[in-house]
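Peer 1: Contents of final.txt (compact mmCIF, C-alpha atoms and all ligand atoms):
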# COMPACT_ATOMS: atom_id res chain seq x y z
CA MET L 1 44.45 124.74 119.28
CA GLN L 2 42.68 124.76 115.93
CA PRO L 3 44.52 127.73 114.34
CA ASP L 4 47.87 126.38 115.60
CA ASN L 5 47.19 123.03 113.97
CA ARG L 6 46.31 124.70 110.70
CA LEU L 7 49.44 126.77 110.87
CA TYR L 8 51.54 123.66 111.48
CA GLN L 9 49.88 121.82 108.60
CA TYR L 10 50.48 124.79 106.33
CA PHE L 11 54.19 124.77 107.19
CA ALA L 12 54.41 120.99 106.97
CA LYS L 13 52.87 120.98 103.50
CA LYS L 14 54.27 124.13 101.95
CA TRP L 15 57.60 124.66 103.61
CA LEU L 16 58.90 121.46 105.16
CA ARG L 17 57.91 119.31 102.21
CA LYS L 18 59.61 121.71 99.84
CA TYR L 19 62.88 122.04 101.73
CA LEU L 20 62.98 118.75 103.60
CA PRO L 21 62.19 116.01 101.09
CA SER L 22 61.07 112.76 102.71
CA ALA L 23 63.85 110.19 102.86
CA THR L 24 63.09 106.59 101.98
CA LEU L 25 64.91 103.59 100.60
CA PRO L 26 62.95 101.23 98.30
CA ALA L 27 62.79 97.49 99.05
CA HIS L 28 65.91 95.82 97.69
CA THR L 29 68.51 93.11 98.29
CA LEU L 30 72.07 93.55 99.52
CA ASP L 31 75.01 91.48 100.78
CA CYS L 32 76.21 92.17 104.33
CA PRO L 33 79.75 93.67 104.04
CA GLU L 34 80.81 91.85 107.23
CA CYS L 35 79.51 88.28 106.83
CA GLY L 36 78.56 88.27 103.14
CA SER L 37 75.04 86.88 103.70
CA ARG L 38 72.28 88.11 101.40
CA THR L 39 69.41 90.04 102.92
CA ALA L 40 66.15 91.20 101.33
CA LEU L 41 65.26 94.55 102.89
CA PRO L 42 61.73 95.95 102.98
CA LYS L 43 61.11 99.61 102.13
CA LEU L 44 62.79 101.77 104.80
CA ARG L 45 61.43 105.09 105.99
CA GLN L 46 62.83 107.88 108.15
CA GLY L 47 63.76 106.67 111.61
CA GLN L 48 64.17 103.03 110.49
CA LYS L 49 67.30 100.89 110.35
CA ALA L 50 68.29 97.44 109.09
CA ILE L 51 70.62 95.06 110.90
CA CYS L 52 72.11 91.83 109.47
CA SER L 53 70.30 88.87 111.04
CA VAL L 54 73.40 86.65 110.75
CA CYS L 55 76.23 88.78 112.21
CA GLY L 56 74.38 91.77 113.70
CA HIS L 57 76.20 94.27 111.45
CA HIS L 58 74.48 97.63 111.06
CA LEU L 59 73.54 97.62 107.35
CA VAL L 60 71.72 100.91 106.81
CA HIS L 61 69.70 103.50 108.72
CA ILE L 62 67.76 106.63 107.90
CA GLU L 63 67.67 109.28 110.64
CA PRO L 64 64.24 110.67 111.66
CA GLU L 65 65.40 114.01 110.15
CA PRO L 66 68.33 112.90 107.96
CA TYR L 67 69.23 116.27 106.39
CA VAL L 68 68.63 118.55 109.38
CA THR L 69 70.49 116.29 111.85
CA VAL L 70 73.71 116.18 109.84
CA LEU L 71 73.60 119.82 108.73
CA ALA L 72 72.75 121.19 112.20
CA CYS L 73 75.32 119.06 114.04
CA ALA L 74 78.07 119.68 111.46
CA LEU L 75 77.47 123.45 111.36
CA ALA L 76 77.36 123.71 115.16
CA ALA L 77 80.55 121.61 115.37
CA LEU L 78 82.27 123.83 112.80
CA ILE L 79 81.47 127.02 114.76
CA LEU L 80 82.51 125.38 118.03
CA MET L 81 85.72 124.17 116.42
CA VAL L 82 86.79 127.75 115.59
CA VAL L 83 86.10 128.75 119.23
CA VAL L 84 87.82 125.72 120.80
CA TYR L 85 90.91 126.00 118.59
CA SER L 86 91.42 129.72 119.11
CA LEU L 87 90.46 130.49 122.75
CA PRO L 88 92.79 129.72 125.71
CA PHE L 89 92.64 126.07 126.56
CA VAL L 90 94.65 125.87 129.71
CA ASN L 91 96.89 128.04 131.88
CA VAL L 92 99.72 126.29 133.69
CA GLU L 93 101.44 128.13 136.54
CA MET L 94 104.80 126.89 137.78
CA THR L 95 107.37 128.76 139.92
CA GLY L 96 105.57 132.02 139.26
CA MET L 97 105.60 131.54 135.47
CA PHE L 98 102.37 131.36 133.51
CA SER L 99 102.09 129.48 130.26
CA PRO L 100 98.70 130.06 128.62
CA LEU L 101 98.06 127.60 125.85
CA THR L 102 95.68 127.42 122.91
CA LEU L 103 95.38 124.39 120.67
CA SER L 104 96.76 126.30 117.71
CA GLY L 105 99.62 127.53 119.97
CA MET L 106 100.38 123.88 120.69
CA PHE L 107 100.81 123.22 116.99
CA HIS L 108 103.04 126.28 116.65
CA ALA L 109 105.25 125.16 119.60
CA LEU L 110 105.83 121.78 117.91
CA LEU L 111 106.91 123.47 114.68
CA VAL L 112 109.25 125.92 116.49
CA ASP L 113 110.95 123.01 118.29
CA SER L 114 111.50 121.21 114.94
CA TRP L 115 109.09 118.39 115.72
CA GLY L 116 107.47 118.53 112.32
CA PHE L 117 106.41 114.88 112.45
CA LEU L 118 104.39 115.32 115.66
CA ALA L 119 103.03 118.64 114.35
CA ALA L 120 101.84 116.74 111.26
CA VAL L 121 100.23 114.03 113.47
CA LEU L 122 98.40 116.68 115.50
CA LEU L 123 97.42 118.65 112.40
CA THR L 124 96.14 115.57 110.57
CA PHE L 125 94.20 113.64 113.22
CA VAL L 126 92.98 116.43 115.54
CA PHE L 127 92.68 119.55 113.34
CA GLY L 128 92.67 118.73 109.64
CA LEU L 129 90.63 115.55 109.23
CA PRO L 130 87.76 116.63 111.57
CA LEU L 131 87.59 119.99 109.74
CA LEU L 132 87.59 118.29 106.34
CA PHE L 133 84.98 115.80 107.57
CA LEU L 134 82.60 118.57 108.74
CA LEU L 135 83.02 120.61 105.54
CA LEU L 136 82.40 117.55 103.35
CA ALA L 137 79.38 116.47 105.43
CA ILE L 138 77.86 119.96 105.04
CA TYR L 139 78.62 120.02 101.31
CA VAL L 140 77.16 116.55 100.60
CA TYR L 141 73.98 116.96 102.68
CA ALA L 142 73.33 120.56 101.59
CA TYR L 143 73.79 119.47 97.97
CA PHE L 144 71.19 116.70 98.29
CA LEU L 145 68.83 119.03 100.15
CA PHE L 146 68.94 121.97 97.74
CA LYS L 147 69.97 120.40 94.44
CA GLN L 148 68.89 117.03 93.16
CA GLU L 149 70.97 116.66 90.00
CA PHE L 150 74.29 114.82 90.00
CA SER L 151 77.82 116.26 89.87
CA PRO L 152 81.10 114.26 89.80
CA THR L 153 82.41 116.41 92.71
CA LEU L 154 79.57 115.02 94.81
CA ARG L 155 80.72 111.41 94.33
CA ASN L 156 84.35 112.32 95.09
CA SER L 157 83.30 114.26 98.19
CA MET L 158 81.23 111.30 99.42
CA ARG L 159 84.16 108.97 98.92
CA LEU L 160 86.53 111.25 100.81
CA LEU L 161 83.95 111.87 103.57
CA LEU L 162 83.64 108.14 104.34
CA ARG L 163 87.42 107.62 104.33
CA VAL L 164 88.14 110.61 106.58
CA GLN L 165 85.44 109.48 109.05
CA GLN L 166 87.54 106.56 110.34
CA TRP L 167 90.67 108.61 111.03
CA MET L 168 89.44 111.45 113.23
CA MET L 169 90.88 111.46 116.76
CA VAL L 170 89.36 114.47 118.56
CA ASP L 171 87.84 112.19 121.23
CA VAL L 172 91.19 110.42 121.82
CA PHE L 173 92.87 113.82 122.06
CA PHE L 174 90.38 115.06 124.66
CA ILE L 175 90.95 112.01 126.89
CA SER L 176 94.72 112.54 126.45
CA MET L 177 94.22 116.12 127.68
CA LEU L 178 92.57 114.82 130.86
CA VAL L 179 95.39 112.32 131.43
CA ALA L 180 98.12 114.91 130.80
CA TYR L 181 96.63 117.58 133.04
CA ILE L 182 95.93 115.18 135.91
CA LYS L 183 99.64 114.39 135.70
CA ILE L 184 100.72 118.06 135.38
CA GLN L 185 98.58 119.01 138.41
CA SER L 186 101.03 117.14 140.65
CA VAL L 187 103.83 119.60 139.76
CA ALA L 188 102.07 122.81 138.70
CA ALA L 189 98.78 124.71 139.08
CA VAL L 190 96.47 124.02 136.16
CA ASN L 191 93.58 126.39 135.31
CA PHE L 192 91.34 125.28 132.48
CA GLY L 193 90.12 127.87 129.99
CA VAL L 194 86.80 128.17 128.12
CA ALA L 195 88.02 126.04 125.22
CA PHE L 196 88.66 123.07 127.53
CA TRP L 197 85.06 123.07 128.85
CA LEU L 198 83.66 123.44 125.34
CA MET L 199 85.71 120.61 123.86
CA PRO L 200 83.45 117.73 125.12
CA PHE L 201 80.55 119.38 123.25
CA LEU L 202 82.68 119.53 120.11
CA VAL L 203 83.50 115.82 120.49
CA ILE L 204 79.79 114.94 120.95
CA LEU L 205 78.74 117.02 117.92
CA ILE L 206 81.39 115.44 115.67
CA LEU L 207 80.42 111.92 116.85
CA ARG L 208 76.71 112.69 116.35
CA THR L 209 77.38 113.95 112.79
CA SER L 210 79.41 110.82 112.10
CA VAL L 211 76.67 108.49 113.41
CA ALA L 212 73.96 110.31 111.41
CA ILE L 213 75.73 109.71 108.10
CA SER L 214 74.25 106.74 106.28
CA PRO L 215 76.56 105.67 103.41
CA HIS L 216 74.23 103.15 101.70
CA TRP L 217 71.31 105.57 101.69
CA LEU L 218 73.52 108.41 100.34
CA TYR L 219 74.87 106.17 97.58
CA SER L 220 71.30 105.20 96.66
CA LYS L 221 70.63 108.91 96.19
CA ILE L 222 73.77 109.21 94.01
CA GLN L 223 72.62 106.22 91.94
CA HIS L 224 69.25 107.89 91.46
CA ALA L 225 70.70 111.35 90.70
CA ASP L 226 73.29 110.01 88.21
CA GLN L 227 70.62 107.71 86.66
CA ILE L 228 72.82 104.64 87.00
CA PRO L 229 70.89 101.50 86.00
CA PHE L 230 69.84 99.31 88.94
CA PHE L 231 71.04 95.68 88.93
CA GLN L 232 69.41 92.77 90.75
CA ALA L 233 71.35 90.26 92.85
CA GLY L 234 72.38 87.30 90.71
CA GLU L 235 75.12 85.17 89.19
CA GLU L 236 76.40 87.95 86.95
CA THR L 237 76.53 90.67 89.60
CA VAL L 238 78.68 91.48 92.66
CA CYS L 239 77.56 93.49 95.68
CA CYS L 240 80.00 96.42 96.12
CA SER L 241 81.60 96.31 99.58
CA ARG L 242 81.43 100.08 100.03
CA CYS L 243 78.09 101.28 98.64
CA LEU L 244 76.30 97.86 98.87
CA HIS L 245 74.79 98.16 95.37
CA PHE L 246 74.88 95.26 92.92
CA ARG L 247 77.11 95.89 89.91
CA PRO L 248 77.97 93.76 86.84
CA LYS L 249 80.83 91.33 87.58
CA ASN L 250 83.03 92.73 84.79
CA GLU L 251 83.04 96.27 86.22
CA VAL L 252 86.51 97.05 87.70
CA PHE L 253 85.43 100.15 89.64
CA CYS L 254 81.91 100.42 91.00
CA ARG L 255 80.00 103.00 88.94
CA VAL L 256 77.99 104.13 91.97
CA CYS L 257 80.78 104.83 94.49
CA ASP L 258 83.95 104.61 92.32
CA SER L 259 85.75 102.18 94.65
CA GLU L 260 87.33 98.92 93.54
CA LEU L 261 84.70 96.25 92.91
CA PHE L 262 85.36 92.81 94.40
CA HIS L 263 83.57 89.81 95.89
CA ARG L 264 86.30 89.48 98.55
CA ARG L 265 89.13 92.02 98.90
CA PRO L 266 91.96 90.72 96.63
CA GLY L 267 95.14 89.86 98.58
CA SER L 268 93.43 90.85 101.83
CA LEU L 269 95.24 88.40 104.13
CA LYS L 270 98.64 89.04 102.53
CA MET L 271 98.25 92.82 102.72
CA SER L 272 96.93 92.69 106.28
CA PHE L 273 99.78 90.40 107.36
CA LEU L 274 102.51 92.53 105.74
CA LEU L 275 101.21 95.68 107.44
CA LEU L 276 101.07 93.81 110.74
CA LEU L 277 104.61 92.51 110.22
CA ALA L 278 105.86 96.07 109.62
CA ALA L 279 104.04 97.16 112.81
CA MET L 280 105.64 94.30 114.80
CA ILE L 281 109.12 95.25 113.56
CA LEU L 282 108.63 98.94 114.45
CA TYR L 283 107.16 97.99 117.83
CA VAL L 284 110.70 96.91 118.92
CA PRO L 285 112.39 100.37 118.58
CA ALA L 286 109.14 101.97 119.84
CA ASN L 287 109.69 100.14 123.13
CA LEU L 288 113.49 100.17 123.35
CA LEU L 289 114.29 103.77 122.36
CA PRO L 290 113.49 106.78 124.60
CA ILE L 291 109.97 108.16 124.12
CA MET L 292 110.24 111.19 126.41
CA ILE L 293 113.10 113.27 127.83
CA SER L 294 112.26 115.46 130.85
CA GLU L 295 114.78 118.06 132.00
CA ASN L 296 115.00 120.62 134.78
CA PRO L 297 118.06 122.46 136.16
CA LEU L 298 118.65 119.63 138.66
CA ASN L 299 118.29 116.47 136.60
CA LYS L 300 117.55 114.95 133.22
CA GLU L 301 115.40 111.89 132.86
CA ILE L 302 115.26 109.78 129.73
CA SER L 303 112.37 107.34 129.71
CA THR L 304 111.18 104.55 127.45
CA ILE L 305 107.46 103.63 127.40
CA MET L 306 107.90 100.99 130.12
CA SER L 307 110.39 102.88 132.34
CA GLY L 308 108.09 105.94 132.21
CA ILE L 309 105.14 103.80 133.38
CA ILE L 310 107.22 102.24 136.23
CA PHE L 311 108.46 105.70 137.28
CA MET L 312 104.88 107.06 137.40
CA TRP L 313 103.65 104.00 139.32
CA ASN L 314 106.42 104.32 141.94
CA ASP L 315 105.86 108.08 142.09
CA GLY L 316 102.25 107.48 143.20
CA ASP L 317 100.54 108.29 139.85
CA LYS L 318 98.94 104.83 139.75
CA LEU L 319 95.87 105.91 137.74
CA ILE L 320 97.91 107.65 135.02
CA ALA L 321 100.41 104.77 134.96
CA SER L 322 97.51 102.32 134.41
CA ILE L 323 95.99 104.42 131.61
CA ILE L 324 99.35 104.80 129.81
CA PHE L 325 100.06 101.08 130.32
CA SER L 326 96.69 100.17 128.78
CA ALA L 327 97.10 102.55 125.83
CA SER L 328 100.79 102.01 125.09
CA ILE L 329 101.52 98.41 126.06
CA ALA L 330 98.27 96.43 126.50
CA VAL L 331 96.27 97.75 123.51
CA PRO L 332 99.04 97.54 120.84
CA THR L 333 100.23 94.11 122.08
CA LEU L 334 96.69 92.69 122.25
CA LYS L 335 95.88 94.22 118.89
CA ILE L 336 98.91 92.61 117.23
CA LEU L 337 98.14 89.21 118.85
CA SER L 338 94.46 89.52 117.95
CA MET L 339 95.26 90.29 114.30
CA LEU L 340 97.64 87.29 114.16
CA TRP L 341 94.89 85.10 115.64
CA LEU L 342 92.35 86.39 113.08
CA LEU L 343 94.76 85.99 110.17
CA PHE L 344 95.54 82.39 111.20
CA SER L 345 91.80 81.67 111.59
CA ALA L 346 90.98 83.09 108.16
CA ARG L 347 93.92 81.39 106.40
CA PHE L 348 93.97 77.97 108.09
CA LYS L 349 91.46 76.94 110.73
CA PRO L 350 89.10 79.04 112.89
CA LEU L 351 90.50 79.06 116.44
CA LEU L 352 87.13 80.12 117.90
CA SER L 353 83.51 80.18 116.73
CA ILE L 354 83.03 82.56 113.78
CA LYS L 355 80.68 84.78 115.80
CA ALA L 356 83.34 85.13 118.52
CA LEU L 357 86.03 85.88 115.91
CA SER L 358 83.79 88.45 114.26
CA LEU L 359 83.26 90.16 117.63
CA GLN L 360 87.01 89.99 118.25
CA TYR L 361 87.59 91.75 114.92
CA ARG L 362 85.12 94.53 115.76
CA ILE L 363 86.79 95.15 119.13
CA THR L 364 90.28 95.09 117.56
CA GLU L 365 89.21 97.59 114.93
CA ALA L 366 87.53 99.88 117.47
CA ILE L 367 90.27 100.10 120.10
CA GLY L 368 93.26 100.65 117.78
CA ARG L 369 93.22 104.44 117.66
CA TRP L 370 93.09 104.76 121.46
CA SER L 371 96.78 103.84 121.54
CA MET L 372 97.46 107.39 120.35
CA ILE L 373 96.77 108.60 123.93
CA ASP L 374 100.45 108.28 124.84
CA ILE L 375 101.60 110.31 121.83
CA PHE L 376 99.06 113.06 122.49
CA VAL L 377 100.05 113.14 126.20
CA ILE L 378 103.69 113.66 125.15
CA ILE L 379 102.67 116.43 122.72
CA ILE L 380 100.69 118.16 125.51
CA MET L 381 103.51 117.76 128.07
CA MET L 382 106.05 119.02 125.58
CA THR L 383 104.06 122.11 124.61
CA THR L 384 103.31 122.87 128.29
CA PHE L 385 106.91 122.52 129.51
CA HIS L 386 109.26 124.13 127.05
CA SER L 387 111.07 126.66 129.23
CA LYS L 388 114.58 126.53 130.74
CA VAL L 389 113.09 125.64 134.17
CA ALA L 390 111.25 122.59 132.93
CA ARG L 391 111.48 121.05 129.52
CA VAL L 392 109.94 117.95 127.99
CA THR L 393 111.04 116.70 124.58
CA PRO L 394 109.82 113.62 122.71
CA GLY L 395 112.29 110.84 121.96
CA PRO L 396 112.64 108.97 118.64
CA ALA L 397 110.34 106.17 119.91
CA ALA L 398 107.40 108.59 119.54
CA ILE L 399 107.71 108.42 115.74
CA TYR L 400 107.99 104.60 115.71
CA PHE L 401 105.01 104.31 118.04
CA CYS L 402 102.83 106.54 115.82
CA LEU L 403 103.72 104.35 112.86
CA VAL L 404 102.85 101.19 114.86
CA VAL L 405 99.38 102.60 115.63
CA VAL L 406 98.72 103.62 112.02
CA LEU L 407 100.05 100.32 110.58
CA THR L 408 97.94 98.15 112.92
CA MET L 409 94.88 100.25 112.03
CA LEU L 410 95.61 99.73 108.33
CA SER L 411 96.16 96.00 108.92
CA ALA L 412 92.67 95.72 110.47
CA HIS L 413 91.24 97.84 107.63
CA PHE L 414 92.60 95.56 104.90
CA PHE L 415 91.45 92.37 106.66
CA ASP L 416 88.30 91.15 104.88
CA VAL L 417 86.24 89.69 107.71
CA ARG L 418 84.00 87.83 105.24
CA LEU L 419 86.87 85.38 104.70
CA LEU L 420 86.17 84.11 108.23
CA TRP L 421 82.45 83.70 107.54
CA ASP L 422 83.25 81.89 104.29
CA LYS L 423 84.74 79.12 106.48
CA THR L 424 81.31 78.40 107.96
CA VAL L 425 79.79 78.10 104.52
CA HIS L 426 82.53 75.71 103.41
CA LYS L 427 82.12 73.71 106.62
CA PHE L 428 78.38 73.53 106.03
CA VAL L 429 78.88 72.34 102.46
CA GLU L 430 81.44 69.73 103.50
CA THR L 431 79.48 68.25 106.40
CA ASP L 432 76.08 68.34 104.80
ZN ZN R 501 76.20 90.12 108.37
ZN ZN R 502 80.09 100.82 95.15
What would the structure in this file look like if it were written as structure tokens?
Peer 2:
Amino acid sequence: MQPDNRLYQYFAKKWLRKYLPSATLPAHTLDCPECGSRTALPKLRQGQKAICSVCGHHLVHIEPEPYVTVLACALAALILMVVVYSLPFVNVEMTGMFSPLTLSGMFHALLVDSWGFLAAVLLTFVFGLPLLFLLLAIYVYAYFLFKQEFSPTLRNSMRLLLRVQQWMMVDVFFISMLVAYIKIQSVAAVNFGVAFWLMPFLVILILRTSVAISPHWLYSKIQHADQIPFFQAGEETVCCSRCLHFRPKNEVFCRVCDSELFHRRPGSLKMSFLLLLAAMILYVPANLLPIMISENPLNKEISTIMSGIIFMWNDGDKLIASIIFSASIAVPTLKILSMLWLLFSARFKPLLSIKALSLQYRITEAIGRWSMIDIFVIIIMMTTFHSKVARVTPGPAAIYFCLVVVLTMLSAHFFDVRLLWDKTVHKFVETD
């Protein structure tokens, strides 16, 4: 035991300390980006996190091994991504015809059939953004691990990394795969390839990398590396909503993270409402126009979102019909109603307690991207059936529906939830 201990201590002192610097965050004050309340944090060490005592928002955390966790997960995900996107994903056999499919082949099939818009959706949310996210995560963490000095590319990469993080949809795509192939199994034999079984691991690794990234801690490192003067909380300073560092009031763009500096997002309610209005307008053609056209030598079926769901329900696919109904009708409708409710509460009078509204906002923000299930199912169906025997083509509603999902997500993004919490402060001031 003794020599082993000595060996470990030698490595811990000489090697680990050199290549894995200890990660800490000094005691400081910040404003919660969700409720706006000021919190004095003690010094945080590896494995510790801070949560807002007022609204429960996750303020900052430092992983037990902050550098290794992100780098290992991101590198493993990157390698797995190459495998998953190039190996056969699924083999569908129908009337003696085999159609082996890879994920990159799916993208190619969309381009050949002149569905550039859906190819762009697939490329952006399922291929491009996750790849960009992993590369940026590796760059940023490796930079901090091996180099300590500042470079402007580092700040830009950090900014892009945190934006890209919210728009990845590999998990939604995987669930869509399950839904599509359960449906396809009723008409054809489906054999899953290696890539299909590896995809859940890819999803887990990407999510783990995403969870391990701690924006406030990383920006504290940028502040230190760029030698930006530290400001205390006070009358003349504003806490930046993105990096949570206090900056002088007259600064237009935060010097730490380079995003717009504001106390409350300017024009938040107006912007959020206009995006929601655009989504509501586009939701009409998304529901009225055909979303999918299925053809075989005997008949041609043109379905809208609702008629497709009714057809599946009557055909006995009750589970699939329920999933598509939840993703395509229930989630977008509830999301639009929820955003209207929140906007009314923030502008006029809270319709529920602020804690309940805050929870409602979190749920609304989290579920939005799951509406893309229907679009991904159509993409999968279309790329699986594109022969003369059986052919599936998307209808124009697919484009409108994609825009509805993106616009409602943007509407939630621009909504400054602190405007709701400000109501409690005003109420307190008035009644006291
Ligand atoms: Zn809070
Ligand atoms: Zn900032």
Peer 1: In Å to one decimal, how far is CA of Ala346 (chain L) from CA of Arg265 (chain L)?
Peer 2: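 Between CA of Arg265 (chain L) and CA of Ala346 (chain L) the gap is 13.0 Å.
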Peer 1: May I ask you to write as a CSV table (one decimal) with C-alpha atoms, in the coordinates of the input all residues lying at most 7 Å from ligand ZN 501 (chain R), with only C-alpha atoms and all ligand atoms counted?
Peer 2:
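New file selection_24.csv:
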chain,number,residue,atom,x,y,z
L,32,CYS,CA,76.2,92.2,104.3
L,33,PRO,CA,79.8,93.7,104.0
L,34,GLU,CA,80.8,91.8,107.2
L,35,CYS,CA,79.5,88.3,106.8
L,36,GLY,CA,78.6,88.3,103.1
L,37,SER,CA,75.0,86.9,103.7
L,52,CYS,CA,72.1,91.8,109.5
L,53,SER,CA,70.3,88.9,111.0
L,54,VAL,CA,73.4,86.6,110.8
L,55,CYS,CA,76.2,88.8,112.2
L,56,GLY,CA,74.4,91.8,113.7
L,57,HIS,CA,76.2,94.3,111.4
Peer 1: Taking all atoms listed in the file into account, report as number ranges by chain which residues have an atom no farther than 10 Å from an atom of ligand ZN 502 (chain R).
Peer 2: L: 159, 216, 219-220, 223, 238-247, 253-262
Peer 1: In Å, with one decimal, what is the gap from CA of Met177 (chain L) to CA of Leu80 (chain L)?
Peer 2: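 These two atoms are separated by 17.8 Å.
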Peer 1: Mind pulling up the distance from CA of Phe174 (chain L) to CA of Leu134 (chain L)?
Peer 2: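 The value is 18.1 Å.
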Peer 1: Leu162 (chain L): which residues within 10 Å, counting all atoms listed in the file, same-chain residues fewer than 4 positions away excluded, as a PyMOL selection string?
Peer 2: chain L and resi 133+136-137+157-158+166-167+210+213-215+242
Peer 1: Would it be fine to have region 344-359 of chain L, with N, CA, C and O atoms, given as a PDB file, in the first residue's frame?
Peer 2:
ATOM      1  N   PHE L 344     -48.991  38.615 -20.960  1.00  0.00           N
ATOM      2  CA  PHE L 344     -50.048  39.396 -20.302  1.00  0.00           C
ATOM      3  C   PHE L 344     -49.658  39.632 -18.837  1.00  0.00           C
ATOM      4  O   PHE L 344     -49.763  40.755 -18.325  1.00  0.00           O
ATOM      5  N   SER L 345     -49.166  38.575 -18.187  1.00  0.00           N
ATOM      6  CA  SER L 345     -48.778  38.689 -16.765  1.00  0.00           C
ATOM      7  C   SER L 345     -47.650  39.690 -16.561  1.00  0.00           C
ATOM      8  O   SER L 345     -47.638  40.441 -15.593  1.00  0.00           O
ATOM      9  N   ALA L 346     -46.693  39.705 -17.480  1.00  0.00           N
ATOM     10  CA  ALA L 346     -45.549  40.611 -17.339  1.00  0.00           C
ATOM     11  C   ALA L 346     -45.945  42.051 -17.682  1.00  0.00           C
ATOM     12  O   ALA L 346     -45.433  42.991 -17.094  1.00  0.00           O
ATOM     13  N   ARG L 347     -46.876  42.204 -18.641  1.00  0.00           N
ATOM     14  CA  ARG L 347     -47.233  43.555 -19.088  1.00  0.00           C
ATOM     15  C   ARG L 347     -48.287  44.185 -18.176  1.00  0.00           C
ATOM     16  O   ARG L 347     -48.189  45.357 -17.839  1.00  0.00           O
ATOM     17  N   PHE L 348     -49.303  43.393 -17.791  1.00  0.00           N
ATOM     18  CA  PHE L 348     -50.423  43.963 -17.025  1.00  0.00           C
ATOM     19  C   PHE L 348     -50.461  43.471 -15.583  1.00  0.00           C
ATOM     20  O   PHE L 348     -50.004  44.143 -14.683  1.00  0.00           O
ATOM     21  N   LYS L 349     -50.982  42.267 -15.401  1.00  0.00           N
ATOM     22  CA  LYS L 349     -51.226  41.811 -14.026  1.00  0.00           C
ATOM     23  C   LYS L 349     -50.916  40.319 -13.951  1.00  0.00           C
ATOM     24  O   LYS L 349     -51.400  39.552 -14.802  1.00  0.00           O
ATOM     25  N   PRO L 350     -50.102  39.869 -12.991  1.00  0.00           N
ATOM     26  CA  PRO L 350     -49.796  38.433 -12.915  1.00  0.00           C
ATOM     27  C   PRO L 350     -51.070  37.599 -12.742  1.00  0.00           C
ATOM     28  O   PRO L 350     -51.883  37.871 -11.860  1.00  0.00           O
ATOM     29  N   LEU L 351     -51.247  36.607 -13.623  1.00  0.00           N
ATOM     30  CA  LEU L 351     -52.450  35.782 -13.581  1.00  0.00           C
ATOM     31  C   LEU L 351     -52.285  34.583 -12.646  1.00  0.00           C
ATOM     32  O   LEU L 351     -53.218  33.839 -12.415  1.00  0.00           O
ATOM     33  N   LEU L 352     -51.061  34.387 -12.150  1.00  0.00           N
ATOM     34  CA  LEU L 352     -50.788  33.320 -11.170  1.00  0.00           C
ATOM     35  C   LEU L 352     -49.720  33.866 -10.222  1.00  0.00           C
ATOM     36  O   LEU L 352     -49.246  34.984 -10.414  1.00  0.00           O
ATOM     37  N   SER L 353     -49.317  33.056  -9.231  1.00  0.00           N
ATOM     38  CA  SER L 353     -48.214  33.518  -8.372  1.00  0.00           C
ATOM     39  C   SER L 353     -46.948  33.570  -9.229  1.00  0.00           C
ATOM     40  O   SER L 353     -46.836  32.841 -10.220  1.00  0.00           O
ATOM     41  N   ILE L 354     -45.992  34.443  -8.850  1.00  0.00           N
ATOM     42  CA  ILE L 354     -44.799  34.611  -9.690  1.00  0.00           C
ATOM     43  C   ILE L 354     -44.001  33.311  -9.765  1.00  0.00           C
ATOM     44  O   ILE L 354     -43.456  32.971 -10.818  1.00  0.00           O
ATOM     45  N   LYS L 355     -43.963  32.564  -8.651  1.00  0.00           N
ATOM     46  CA  LYS L 355     -43.219  31.288  -8.672  1.00  0.00           C
ATOM     47  C   LYS L 355     -43.832  30.334  -9.687  1.00  0.00           C
ATOM     48  O   LYS L 355     -43.114  29.647 -10.423  1.00  0.00           O
ATOM     49  N   ALA L 356     -45.171  30.292  -9.736  1.00  0.00           N
ATOM     50  CA  ALA L 356     -45.861  29.404 -10.683  1.00  0.00           C
ATOM     51  C   ALA L 356     -45.603  29.867 -12.117  1.00  0.00           C
ATOM     52  O   ALA L 356     -45.354  29.058 -13.007  1.00  0.00           O
ATOM     53  N   LEU L 357     -45.613  31.192 -12.339  1.00  0.00           N
ATOM     54  CA  LEU L 357     -45.361  31.722 -13.684  1.00  0.00           C
ATOM     55  C   LEU L 357     -43.927  31.436 -14.122  1.00  0.00           C
ATOM     56  O   LEU L 357     -43.666  31.116 -15.280  1.00  0.00           O
ATOM     57  N   SER L 358     -43.006  31.540 -13.161  1.00  0.00           N
ATOM     58  CA  SER L 358     -41.599  31.279 -13.458  1.00  0.00           C
ATOM     59  C   SER L 358     -41.404  29.817 -13.865  1.00  0.00           C
ATOM     60  O   SER L 358     -40.686  29.512 -14.817  1.00  0.00           O
ATOM     61  N   LEU L 359     -42.098  28.923 -13.156  1.00  0.00           N
ATOM     62  CA  LEU L 359     -42.047  27.492 -13.485  1.00  0.00           C
ATOM     63  C   LEU L 359     -42.665  27.252 -14.864  1.00  0.00           C
ATOM     64  O   LEU L 359     -42.134  26.497 -15.676  1.00  0.00           O
TER      65      LEU L 359
END
